[in-house]
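Novice: Got my_file.txt for you, compact mmCIF, C-alpha atoms:
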# COMPACT_ATOMS: atom_id res chain seq x y z
CA MET G 1 60.08 -89.88 -27.45
CA TRP G 2 56.85 -88.07 -26.58
CA ASN G 3 56.26 -87.01 -30.15
CA THR G 4 56.31 -90.41 -31.87
CA LEU G 5 53.62 -92.08 -29.74
CA PRO G 6 49.82 -91.86 -30.16
CA ALA G 7 48.23 -88.85 -28.50
CA ARG G 8 45.28 -90.92 -27.05
CA PHE G 9 47.15 -92.60 -25.09
CA LEU G 10 42.18 -76.35 -2.10
CA THR G 11 44.40 -76.53 0.23
CA LEU G 12 45.36 -79.85 1.70
CA THR G 13 42.94 -79.47 4.59
CA ALA G 14 40.01 -78.55 2.36
CA LEU G 15 40.87 -81.39 0.01
CA ALA G 16 40.84 -83.86 2.90
CA VAL G 17 37.40 -82.62 3.96
CA LEU G 18 36.04 -83.01 0.43
CA THR G 19 37.53 -86.48 0.16
CA HIS G 20 35.94 -87.59 3.42
CA ALA G 21 32.54 -86.20 2.44
CA ALA G 22 32.63 -87.90 -0.96
CA ALA G 23 33.82 -91.22 0.47
CA SER G 24 30.91 -91.30 2.92
CA GLN G 25 28.48 -91.30 -0.04
CA GLU G 26 30.38 -93.50 -2.46
CA THR G 27 28.65 -96.05 -4.69
CA HIS G 28 29.54 -99.73 -4.94
CA PRO G 29 32.77 -100.45 -6.83
CA LEU G 30 32.69 -101.86 -10.35
CA SER G 31 35.26 -104.62 -10.94
CA ILE G 32 36.40 -105.27 -14.52
CA PRO G 33 38.52 -108.41 -15.19
CA PRO G 34 41.36 -108.22 -17.74
CA ASP G 35 39.53 -110.30 -20.38
CA SER G 36 36.25 -108.37 -20.12
CA PRO G 37 34.65 -107.07 -23.34
CA ARG G 38 34.17 -103.79 -21.45
CA TRP G 39 37.77 -102.92 -22.31
CA ASP G 40 38.48 -101.14 -25.58
CA LEU G 41 42.10 -102.12 -26.20
CA GLU G 42 44.18 -99.63 -28.18
CA GLY G 43 47.69 -100.03 -29.55
CA ASN G 44 49.78 -102.76 -27.97
CA ALA G 45 47.34 -103.76 -25.21
CA LYS G 46 46.17 -107.33 -24.50
CA PRO G 47 45.16 -109.75 -21.73
CA ALA G 48 48.14 -111.67 -20.36
CA ASP G 49 49.56 -113.58 -17.39
CA TYR G 50 52.31 -112.03 -15.26
CA LEU G 51 53.72 -112.94 -11.83
CA GLY G 52 50.93 -115.46 -11.26
CA ARG G 53 48.03 -113.18 -12.18
CA LYS G 54 45.65 -112.58 -15.03
CA CYS G 55 46.24 -109.01 -16.14
CA LEU G 56 46.17 -106.42 -18.89
CA ALA G 57 49.58 -105.95 -20.48
CA LEU G 58 50.18 -102.52 -22.02
CA ASP G 59 53.28 -101.33 -23.84
CA GLY G 60 52.56 -98.36 -26.05
CA GLY G 61 48.84 -98.89 -25.65
CA ALA G 62 45.75 -98.12 -23.62
CA ALA G 63 42.72 -99.87 -22.18
CA VAL G 64 39.65 -97.62 -22.24
CA LEU G 65 36.63 -98.59 -20.16
CA LYS G 66 33.65 -98.64 -22.51
CA ASP G 67 30.16 -97.36 -21.67
CA PHE G 68 31.39 -95.56 -18.58
CA GLU G 69 31.99 -91.88 -17.80
CA MET G 70 33.07 -90.38 -14.51
CA ARG G 71 33.47 -86.99 -12.92
CA ASP G 72 34.33 -87.72 -9.28
CA GLY G 73 35.34 -91.13 -8.00
CA ILE G 74 38.09 -93.57 -7.09
CA ILE G 75 40.11 -95.90 -9.34
CA ASP G 76 41.99 -98.81 -7.74
CA VAL G 77 44.38 -101.12 -9.58
CA ASP G 78 47.48 -103.26 -9.00
CA VAL G 79 50.42 -102.77 -11.34
CA ALA G 80 53.73 -104.53 -11.99
CA THR G 81 56.41 -103.86 -14.58
CA PRO G 82 59.62 -105.58 -15.68
CA GLY G 83 60.76 -102.49 -17.58
CA LYS G 84 63.68 -100.39 -16.40
CA ARG G 85 62.15 -97.42 -18.23
CA GLY G 86 58.48 -96.59 -18.56
CA PHE G 87 55.60 -94.16 -18.50
CA PHE G 88 52.31 -95.64 -17.31
CA GLY G 89 49.24 -94.75 -15.30
CA PHE G 90 45.79 -93.22 -15.84
CA ASP G 91 43.96 -91.09 -18.37
CA VAL G 92 40.76 -89.68 -16.86
CA ARG G 93 37.91 -87.39 -17.86
CA ILE G 94 38.63 -88.04 -21.52
CA ASP G 95 36.40 -85.88 -23.70
CA LYS G 96 34.33 -87.27 -26.57
CA ASP G 97 37.02 -86.42 -29.14
CA GLY G 98 39.78 -88.05 -27.07
CA ALA G 99 41.78 -84.82 -27.42
CA ASN G 100 41.50 -83.33 -23.91
CA PHE G 101 41.88 -85.12 -20.58
CA GLU G 102 43.95 -85.46 -17.41
CA GLU G 103 46.95 -87.81 -17.38
CA ILE G 104 48.73 -89.10 -14.27
CA TYR G 105 51.66 -91.47 -14.67
CA LEU G 106 54.75 -93.04 -13.09
CA ARG G 107 58.30 -93.07 -14.45
CA PRO G 108 60.00 -96.19 -13.00
CA HIS G 109 63.39 -95.08 -14.38
CA LYS G 110 63.03 -91.97 -12.18
CA SER G 111 62.19 -93.96 -9.02
CA GLY G 112 62.97 -91.86 -5.94
CA LEU G 113 63.67 -88.69 -7.96
CA PRO G 114 61.58 -85.49 -7.86
CA ASP G 115 59.79 -86.37 -11.11
CA ALA G 116 59.15 -90.07 -10.52
CA MET G 117 55.45 -89.32 -11.01
CA GLN G 118 53.70 -86.57 -12.91
CA TYR G 119 50.32 -85.06 -13.63
CA THR G 120 49.89 -83.29 -16.96
CA PRO G 121 46.75 -81.99 -18.64
CA VAL G 122 46.37 -82.89 -22.30
CA PHE G 123 45.01 -80.14 -24.57
CA ASN G 124 44.18 -80.72 -28.23
CA THR G 125 46.19 -84.03 -28.12
CA GLY G 126 49.27 -82.35 -26.62
CA ARG G 127 50.89 -83.23 -23.30
CA ASN G 128 52.16 -80.27 -21.27
CA TRP G 129 54.66 -81.78 -18.86
CA GLN G 130 57.33 -79.17 -19.68
CA LEU G 131 54.99 -76.35 -18.63
CA TYR G 132 53.29 -77.84 -15.56
CA ASN G 133 55.98 -78.96 -13.14
CA GLY G 134 56.80 -78.89 -9.45
CA PRO G 135 54.34 -79.07 -6.50
CA GLY G 136 50.93 -80.29 -7.59
CA PHE G 137 52.37 -81.78 -10.79
CA THR G 138 55.49 -83.83 -10.00
CA GLY G 139 56.78 -85.74 -7.01
CA ALA G 140 59.19 -88.35 -5.70
CA VAL G 141 58.13 -91.92 -4.97
CA ASP G 142 59.81 -95.33 -4.94
CA ILE G 143 58.55 -97.52 -7.79
CA PRO G 144 59.18 -101.29 -7.48
CA ARG G 145 60.13 -103.53 -10.39
CA ASN G 146 58.94 -107.09 -10.98
CA GLU G 147 56.43 -107.03 -8.14
CA TRP G 148 52.79 -106.11 -7.74
CA PHE G 149 51.95 -102.86 -5.96
CA HIS G 150 48.76 -100.84 -5.61
CA LEU G 151 47.73 -97.54 -7.19
CA ARG G 152 44.71 -95.44 -6.27
CA LEU G 153 43.54 -92.30 -8.00
CA GLU G 154 40.92 -90.15 -6.30
CA LEU G 155 39.12 -87.43 -8.29
CA ILE G 156 37.41 -84.71 -6.23
CA GLY G 157 36.09 -81.81 -8.29
CA ALA G 158 39.03 -79.82 -9.67
CA GLN G 159 41.47 -81.70 -7.42
CA ALA G 160 42.91 -85.22 -7.34
CA LYS G 161 45.14 -87.43 -5.22
CA LEU G 162 47.39 -90.30 -6.28
CA TYR G 163 48.32 -93.06 -3.83
CA VAL G 164 51.26 -95.37 -4.55
CA LYS G 165 51.57 -98.48 -2.30
CA ASP G 166 50.56 -96.49 0.81
CA MET G 167 46.77 -96.02 0.79
CA GLU G 168 46.81 -93.73 3.83
CA THR G 169 49.04 -90.91 2.59
CA PRO G 170 48.79 -89.58 -0.98
CA ALA G 171 52.04 -89.57 -2.92
CA LEU G 172 50.91 -86.70 -5.16
CA VAL G 173 48.23 -84.10 -4.40
CA MET G 174 46.97 -82.28 -7.49
CA THR G 175 45.45 -79.04 -6.22
CA ASP G 176 44.18 -77.75 -9.56
CA LEU G 177 43.30 -79.91 -12.56
CA LYS G 178 43.83 -77.96 -15.76
CA SER G 179 42.07 -79.62 -18.69
CA GLY G 180 38.67 -78.12 -17.96
CA VAL G 181 36.94 -81.42 -18.80
CA GLN G 182 34.59 -82.18 -15.93
CA LYS G 183 33.37 -85.61 -16.99
CA GLY G 184 34.57 -88.28 -19.40
CA GLN G 185 35.91 -91.76 -19.99
CA ILE G 186 38.76 -93.35 -18.04
CA ALA G 187 41.65 -95.49 -19.25
CA LEU G 188 44.78 -97.32 -18.20
CA MET G 189 47.71 -96.16 -20.33
CA ALA G 190 51.35 -96.94 -21.05
CA LEU G 191 53.65 -95.17 -23.45
CA ILE G 192 56.44 -97.69 -22.83
CA GLY G 193 57.57 -99.97 -20.00
CA GLU G 194 55.51 -103.17 -20.38
CA PRO G 195 53.35 -102.60 -17.28
CA CYS G 196 50.68 -105.11 -16.32
CA PHE G 197 47.46 -104.14 -14.51
CA SER G 198 45.20 -106.38 -12.43
CA ASN G 199 42.40 -106.15 -9.85
CA PHE G 200 40.88 -103.07 -11.49
CA GLU G 201 38.00 -101.40 -9.65
CA VAL G 202 36.27 -98.07 -10.10
CA ARG G 203 33.49 -96.35 -8.22
CA SER G 204 31.81 -93.02 -8.80
CA ASN G 205 31.23 -90.56 -5.99
CA PRO G 206 28.78 -87.65 -5.72
CA ASP G 207 30.17 -84.50 -7.31
CA ALA G 208 32.23 -82.27 -5.05
CA ALA G 209 32.30 -78.50 -5.45
CA TRP G 210 34.33 -77.41 -8.47
CA GLU G 211 36.84 -74.94 -7.04
CA HIS G 212 40.08 -73.81 -8.63
CA HIS G 213 43.13 -73.13 -6.45
CA LEU G 214 45.47 -71.10 -8.63
CA PRO G 215 48.93 -69.76 -7.77
CA SER G 216 49.36 -66.02 -7.50
CA MET G 217 50.28 -63.88 -10.50
CA PRO G 218 53.69 -62.31 -9.71
CA PRO G 219 54.03 -58.56 -10.27
CA ASN G 220 55.27 -57.36 -13.66
CA THR G 221 54.09 -60.54 -15.40
CA ILE G 222 53.02 -59.83 -18.97
CA THR G 223 49.51 -61.22 -19.22
CA HIS G 224 47.89 -59.69 -22.34
CA TRP G 225 48.91 -61.32 -25.61
CA SER G 226 47.66 -61.77 -29.17
CA LEU G 227 48.34 -65.01 -31.06
CA SER G 228 48.77 -65.65 -34.78
CA PRO G 229 47.74 -68.80 -36.65
CA VAL G 230 50.22 -71.70 -36.82
CA TYR G 231 52.82 -71.96 -39.59
CA ASP G 232 55.37 -74.52 -40.77
CA ALA G 233 58.50 -73.40 -38.94
CA LEU G 234 60.88 -74.74 -41.60
CA SER G 235 59.22 -72.65 -44.31
CA ARG G 236 59.98 -69.37 -42.50
CA ASN G 237 63.06 -67.39 -41.55
CA LEU G 238 62.56 -67.26 -37.80
CA GLU G 239 65.24 -64.61 -37.37
CA ARG G 240 63.29 -62.17 -39.55
CA PRO G 241 60.51 -60.10 -37.96
CA LEU G 242 57.10 -59.90 -39.55
CA THR G 243 56.63 -57.00 -41.92
CA LYS G 244 53.85 -54.52 -41.19
CA ALA G 245 51.90 -55.91 -44.14
CA GLU G 246 52.26 -59.48 -42.82
CA SER G 247 51.23 -58.44 -39.32
CA ASP G 248 48.24 -56.45 -40.59
CA SER G 249 47.03 -59.44 -42.62
CA ILE G 250 46.95 -61.76 -39.60
CA GLN G 251 43.74 -62.37 -37.66
CA TRP G 252 45.18 -62.08 -34.16
CA GLN G 253 43.53 -63.89 -31.23
CA GLN G 254 43.62 -62.12 -27.86
CA VAL G 255 44.45 -64.35 -24.88
CA GLU G 256 45.26 -63.95 -21.19
CA ALA G 257 48.14 -65.70 -19.42
CA GLU G 258 47.12 -68.07 -16.64
CA PRO G 259 48.74 -67.86 -13.19
CA PRO G 260 51.67 -67.75 -12.60
CA GLY G 261 51.97 -66.28 -16.11
CA PHE G 262 51.95 -69.13 -18.62
CA VAL G 263 50.49 -68.79 -22.09
CA VAL G 264 49.73 -72.47 -22.81
CA LEU G 265 49.45 -72.62 -26.58
CA TYR G 266 47.93 -76.10 -26.80
CA ARG G 267 44.82 -74.55 -25.27
CA TYR G 268 44.36 -72.55 -28.46
CA ARG G 269 46.06 -74.57 -31.19
CA GLN G 270 46.18 -78.24 -32.25
CA ALA G 271 49.32 -79.94 -31.00
CA PRO G 272 51.91 -80.89 -33.64
CA HIS G 273 53.72 -84.20 -33.15
CA PRO G 274 57.03 -83.96 -35.03
CA ALA G 275 59.42 -86.92 -34.93
CA VAL G 276 62.51 -85.15 -33.63
CA THR G 277 65.95 -86.59 -34.38
CA PHE G 278 68.21 -85.25 -31.65
CA GLN G 279 66.64 -86.96 -28.62
CA GLY G 280 68.20 -90.22 -29.73
CA ASP G 281 71.38 -88.66 -31.13
CA PHE G 282 72.66 -85.48 -29.49
CA SER G 283 74.89 -84.75 -32.49
CA LYS G 284 71.75 -84.06 -34.56
CA ARG G 285 70.44 -81.29 -32.30
CA LEU G 286 71.24 -78.54 -34.85
CA GLU G 287 69.53 -80.25 -37.76
CA PRO G 288 66.15 -78.97 -39.07
CA GLN G 289 63.27 -80.82 -37.44
CA PRO G 290 60.49 -81.67 -39.96
CA GLY G 291 57.04 -81.04 -38.53
CA MET G 292 58.12 -78.20 -36.23
CA LYS G 293 55.42 -75.53 -36.01
CA VAL G 294 55.66 -71.83 -35.10
CA LEU G 295 53.24 -69.10 -34.09
CA TYR G 296 53.76 -65.44 -33.27
CA ALA G 297 52.68 -63.81 -30.01
CA ARG G 298 52.67 -60.04 -29.58
CA THR G 299 52.02 -57.53 -26.82
CA THR G 300 52.58 -53.83 -26.12
CA ILE G 301 54.89 -52.49 -23.42
CA HIS G 302 54.38 -48.84 -22.50
CA SER G 303 57.43 -46.99 -21.16
CA ASP G 304 57.44 -43.50 -19.62
CA LEU G 305 60.99 -42.89 -20.82
CA ASP G 306 63.79 -44.28 -22.95
CA GLN G 307 65.27 -47.10 -20.89
CA VAL G 308 66.65 -50.65 -20.90
CA GLN G 309 64.40 -53.17 -19.15
CA LYS G 310 65.15 -56.79 -18.29
CA LEU G 311 62.74 -59.39 -19.66
CA GLU G 312 62.76 -62.77 -17.93
CA ILE G 313 61.49 -65.44 -20.35
CA GLY G 314 60.78 -69.14 -20.23
CA TYR G 315 59.63 -70.96 -23.34
CA SER G 316 59.07 -74.31 -25.01
CA ASP G 317 60.69 -75.16 -27.23
CA ASP G 318 62.24 -72.49 -29.45
CA VAL G 319 61.89 -68.69 -29.47
CA SER G 320 62.88 -65.54 -31.31
CA VAL G 321 62.37 -62.24 -29.46
CA PHE G 322 61.64 -59.09 -31.49
CA LEU G 323 61.23 -55.54 -30.19
CA ASN G 324 59.86 -52.84 -32.46
CA GLY G 325 60.63 -54.92 -35.52
CA LYS G 326 64.22 -55.88 -34.60
CA ILE G 327 65.46 -59.25 -33.39
CA LEU G 328 67.13 -59.26 -29.98
CA TYR G 329 67.43 -62.96 -29.11
CA ARG G 330 67.00 -66.48 -30.40
CA GLY G 331 67.17 -69.65 -28.30
CA ARG G 332 66.09 -73.27 -28.02
CA SER G 333 65.11 -75.01 -24.77
CA ALA G 334 63.74 -78.33 -26.00
CA GLN G 335 63.97 -81.71 -24.28
CA GLY G 336 67.47 -83.09 -24.77
CA PHE G 337 68.78 -80.00 -26.57
CA ARG G 338 71.07 -78.12 -24.20
CA ASP G 339 72.58 -81.36 -22.95
CA PRO G 340 71.46 -84.99 -23.23
CA GLY G 341 69.65 -84.92 -19.86
CA PHE G 342 68.03 -81.51 -20.19
CA LEU G 343 64.22 -81.78 -20.09
CA GLY G 344 63.21 -78.34 -21.31
CA ILE G 345 61.17 -77.54 -18.19
CA VAL G 346 59.75 -74.03 -18.48
CA ASN G 347 60.16 -71.30 -15.89
CA PRO G 348 60.70 -67.52 -16.21
CA GLU G 349 64.33 -67.85 -15.15
CA ASN G 350 65.23 -69.87 -18.27
CA ASP G 351 66.72 -66.84 -20.02
CA ALA G 352 66.91 -63.04 -19.83
CA VAL G 353 66.71 -60.50 -22.65
CA TYR G 354 67.45 -56.80 -22.21
CA LEU G 355 64.88 -54.61 -23.99
CA PRO G 356 65.92 -51.15 -25.25
CA LEU G 357 62.53 -49.51 -24.74
CA LYS G 358 61.69 -46.17 -26.29
CA LYS G 359 59.40 -43.66 -24.62
CA GLY G 360 55.79 -44.57 -25.43
CA ASP G 361 54.43 -47.85 -26.80
CA ASN G 362 56.77 -50.70 -27.78
CA GLU G 363 55.76 -53.87 -29.62
CA LEU G 364 57.22 -57.06 -28.18
CA MET G 365 56.79 -60.09 -30.44
CA LEU G 366 57.80 -63.71 -29.94
CA ALA G 367 58.09 -66.44 -32.57
CA VAL G 368 57.51 -69.61 -30.50
CA SER G 369 58.15 -73.04 -32.05
CA GLU G 370 57.16 -76.47 -30.78
CA LEU G 371 58.95 -79.83 -30.81
CA GLY G 372 57.00 -81.63 -28.06
CA GLY G 373 56.25 -81.83 -24.35
CA GLY G 374 54.25 -78.61 -24.15
CA TRP G 375 54.06 -75.43 -26.22
CA GLY G 376 54.08 -72.13 -24.41
CA PHE G 377 55.93 -69.28 -22.76
CA ILE G 378 56.05 -67.00 -19.73
CA CYS G 379 57.40 -63.43 -19.62
CA ARG G 380 58.07 -61.05 -16.74
CA LEU G 381 59.65 -57.62 -16.63
CA SER G 382 62.25 -57.36 -13.89
CA GLU G 383 64.10 -54.49 -12.27
CA MET G 384 67.72 -54.40 -13.41
CA GLU G 385 70.42 -54.62 -10.77
CA GLN G 386 72.37 -51.39 -10.36
Show me this structure written as C-alpha cells.
Specialist:
Amino acid sequence: MWNTLPARFLTLTALAVLTHAAASQETHPLSIPPDSPRWDLEGNAKPADYLGRKCLALDGGAAVLKDFEMRDGIIDVDVATPGKRGFFGFDVRIDKDGANFEEIYLRPHKSGLPDAMQYTPVFNTGRNWQLYNGPGFTGAVDIPRNEWFHLRLELIGAQAKLYVKDMETPALVMTDLKSGVQKGQIALMALIGEPCFSNFEVRSNPDAAWEHHLPSMPPNTITHWSLSPVYDALSRNLERPLTKAESDSIQWQQVEAEPPGFVVLYRYRQAPHPAVTFQGDFSKRLEPQPGMKVLYARTTIHSDLDQVQKLEIGYSDDVSVFLNGKILYRGRSAQGFRDPGFLGIVNPENDAVYLPLKKGDNELMLAVSELGGGWGFICRLSEMEQ
C-alpha cells in the first residue's frame, strides 16, 4: 500500500521547559480557510462540506500551505473521517525538493492499539516506519469516526509533541526528529481514509535550541559499514556472493550506523517505490517483485581465534548474509510477507545467523533489498549460550 502512493504526500522535563519558553513568545496565529488560494492542493484534495462545516477533504492527497515556511511553531486543526481505514496527519519541515521532511499521522483502523499514531522521517522520498518504531515514534490513542476532534502539533527544535483531543497531555512525544531538515513548508496529508480538515491555524515560535536526544549504542553493535550503489534486484542472483573483481570495481561509500545501530539506507540512496503484489494477495508472496532494488553492505570482523559467533540481525525487507565469500543465510521480512498481518518492523532480534569466523579479518557482506516502508538493517554480535 505504501509503495503505490505519491511520495509527497530531551527528556520530557526539558521538552516541557522548552515548550513553555517558546509559547511565552509565540506570534499571532494565521488562520487559513478551506477555500483559500493559499492552499496548494495535490492529488485528491478539494474544498468540501462535512458534518456541517466547510473543510478540506483529502483522500490520497495533500494540502500544502504556500508562501510559508516554519521551523518551530504550533499547528492546530480539527479533523473528522468516515473511513474505517486511513492514514492522515501532517507533513512538516518539507525541504525545497519535497523529498525530505517529518511526517506524523493517525491510523483510525488501529484506534487504541500501540501503533494508532506514528512519526516517521521521510528521506529521499522514502518513509521509514518499519525502522523507527516504539517510544518516540508510535503510540496508542482512541481515534473517533464521523465526528470532529482536534489535533495539535508542536515543533520545538529537534523535538515535537502531538496532541489528540486532549490539549493538556500530549498523545505522542517525539524526542528526536530524524530528517535533519530544520525549516520548510507544512502540509495536511492523507494517504487514504477520506479525512476532512477544518479550523486550520498555524503560528511560528522563536527557535528553540537544536538538541538531539539519541538512544545508547548497545555493546557489540556493528557500526562501520561500506555501501555499494543500487542495483535492480531481479537482474541479480542474490544468493551468489560478489566476486573479487566485482567488489574491487565498486566505489564503496563508508557510513556509520546511528544509535541504536541502524543503517538507514534511504539517507544515502533514493527510495524505490515498487508496486508489490503480495500485500493484497498473500498467495503471491513468493513471486518476483518488479522494481525491487538491492545494495551490498560490507564490514570487517576481526577474530582472535577460530570460533563461531552469533550475529543478531534485523533488516528491511530482504537480506542475504555472506561471510568470506560464502552465503550463510537468506530471508525476507517485508510487510505482509511472513503472515498477512506481519508489518516487517525492524529490530536486531528479527533473526540470528551463526558466523564461522576464522582467526584474523573476516568480511561480512549483506545484500539488502527494498520493497517499501523503510530500507535498512541493524547487526549486533552476541555471546553464544553455553
Novice: Given the choices G:Tyr231, G:Pro218, G:Gln130, G:Asn324, which gets closest to G:Gln270 if the distance is worked out from all atoms listed in the file?
Specialist: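 Comparing G:Tyr231, G:Pro218, G:Gln130, G:Asn324 against G:Gln270, the winner is G:Tyr231.
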Novice: For the atom pair atom CA of G:Gly73 and atom CA of G:Pro114, what is the interatomic distance in Å to one decimal place?
Specialist: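 Separation of atom CA of G:Gly73 and atom CA of G:Pro114: 26.8 Å.
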Novice: Determine, for each residue of stretch 166-261 of chain G having at least one atom at most 12 Å from an atom of stretch 108-112 of chain G, the closest pair of atoms and their separation in Å to one decimal, counting all atoms listed in the file; order by chain and ascending number, as a tab-separated table.
Specialist:
residue	atom	partner	partner_atom	distance
G:Ala171	CA	G:Gly112	CA	11.6
G:Ala190	CA	G:Pro108	CA	11.8
G:Ile192	CA	G:Pro108	CA	10.6
G:Gly193	CA	G:Pro108	CA	8.3
G:Glu194	CA	G:Pro108	CA	11.1
G:Pro195	CA	G:Pro108	CA	10.2
Novice: How many Å lie between atom CA of G:Glu201 and atom CA of G:Asp76, rounded to one decimal?
Specialist: 5.1 Å
Novice: What's the separation between atom CA of G:Leu234 and atom CA of G:Tyr315, in Å to one decimal place?
Specialist: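 Answer for the atom CA of G:Leu234 to atom CA of G:Tyr315 separation: 18.7 Å.
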Novice: Might you pull out every residue within 9 Å of stretch 51-60 of chain G, with only C-alpha atoms counted and same-chain residues fewer than 6 positions away left off, and present them as a ChimeraX atom specification?
Specialist: /G:5-6,9,33-35,42-45,79-80,86,88,146-148,188-199
Novice: Using all atoms listed in the file, which of the listed residues (G:Gly360, G:Gln279, G:Ala208, G:Ala116) sits closest to G:Gly134?
Specialist: G:Ala116
Novice: Using only C-alpha atoms for the distances, tell me which of G:Met117, G:Ala352, G:Leu242, G:Ile74 is nearest to G:Ile186.
Specialist: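 Closest candidate: G:Ile74.
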Novice: Quick one: 5 Å padding each side, axis-aligned, all listed atoms of stretch 303-316 of chain G - centre and edge lengths in Å to one decimal, as JSON?
Specialist:
{"center_x": 62.0, "center_y": -58.6, "center_z": -21.5, "size_x": 19.2, "size_y": 41.4, "size_z": 17.1}
Novice: Can you pull out the residues contacting G:Pro37? Cut-off 12 Å, using all atoms listed in the file, and skip same-chain residues under 6 positions away; I want them as a PDB file with C-alpha atoms, keeping the file's coordinate frame.
Specialist:
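As a result, part_16.pdb now contains:
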ATOM      1  CA  LYS G  46      46.170-107.330 -24.500  1.00  0.00           C
ATOM      2  CA  PRO G  47      45.160-109.750 -21.730  1.00  0.00           C
ATOM      3  CA  ALA G  63      42.720 -99.870 -22.180  1.00  0.00           C
ATOM      4  CA  VAL G  64      39.650 -97.620 -22.240  1.00  0.00           C
ATOM      5  CA  LEU G  65      36.630 -98.590 -20.160  1.00  0.00           C
ATOM      6  CA  LYS G  66      33.650 -98.640 -22.510  1.00  0.00           C
ATOM      7  CA  ASP G  67      30.160 -97.360 -21.670  1.00  0.00           C
TER       8      ASP G  67
END
Novice: Near G:Gly157, within 10 Å and counting all atoms listed in the file, which residues show up once chain neighbours fewer than 5 positions away are dropped, as a ChimeraX atom specification?
Specialist: /G:15,18-19,71-73,175-177,182-183,206-212
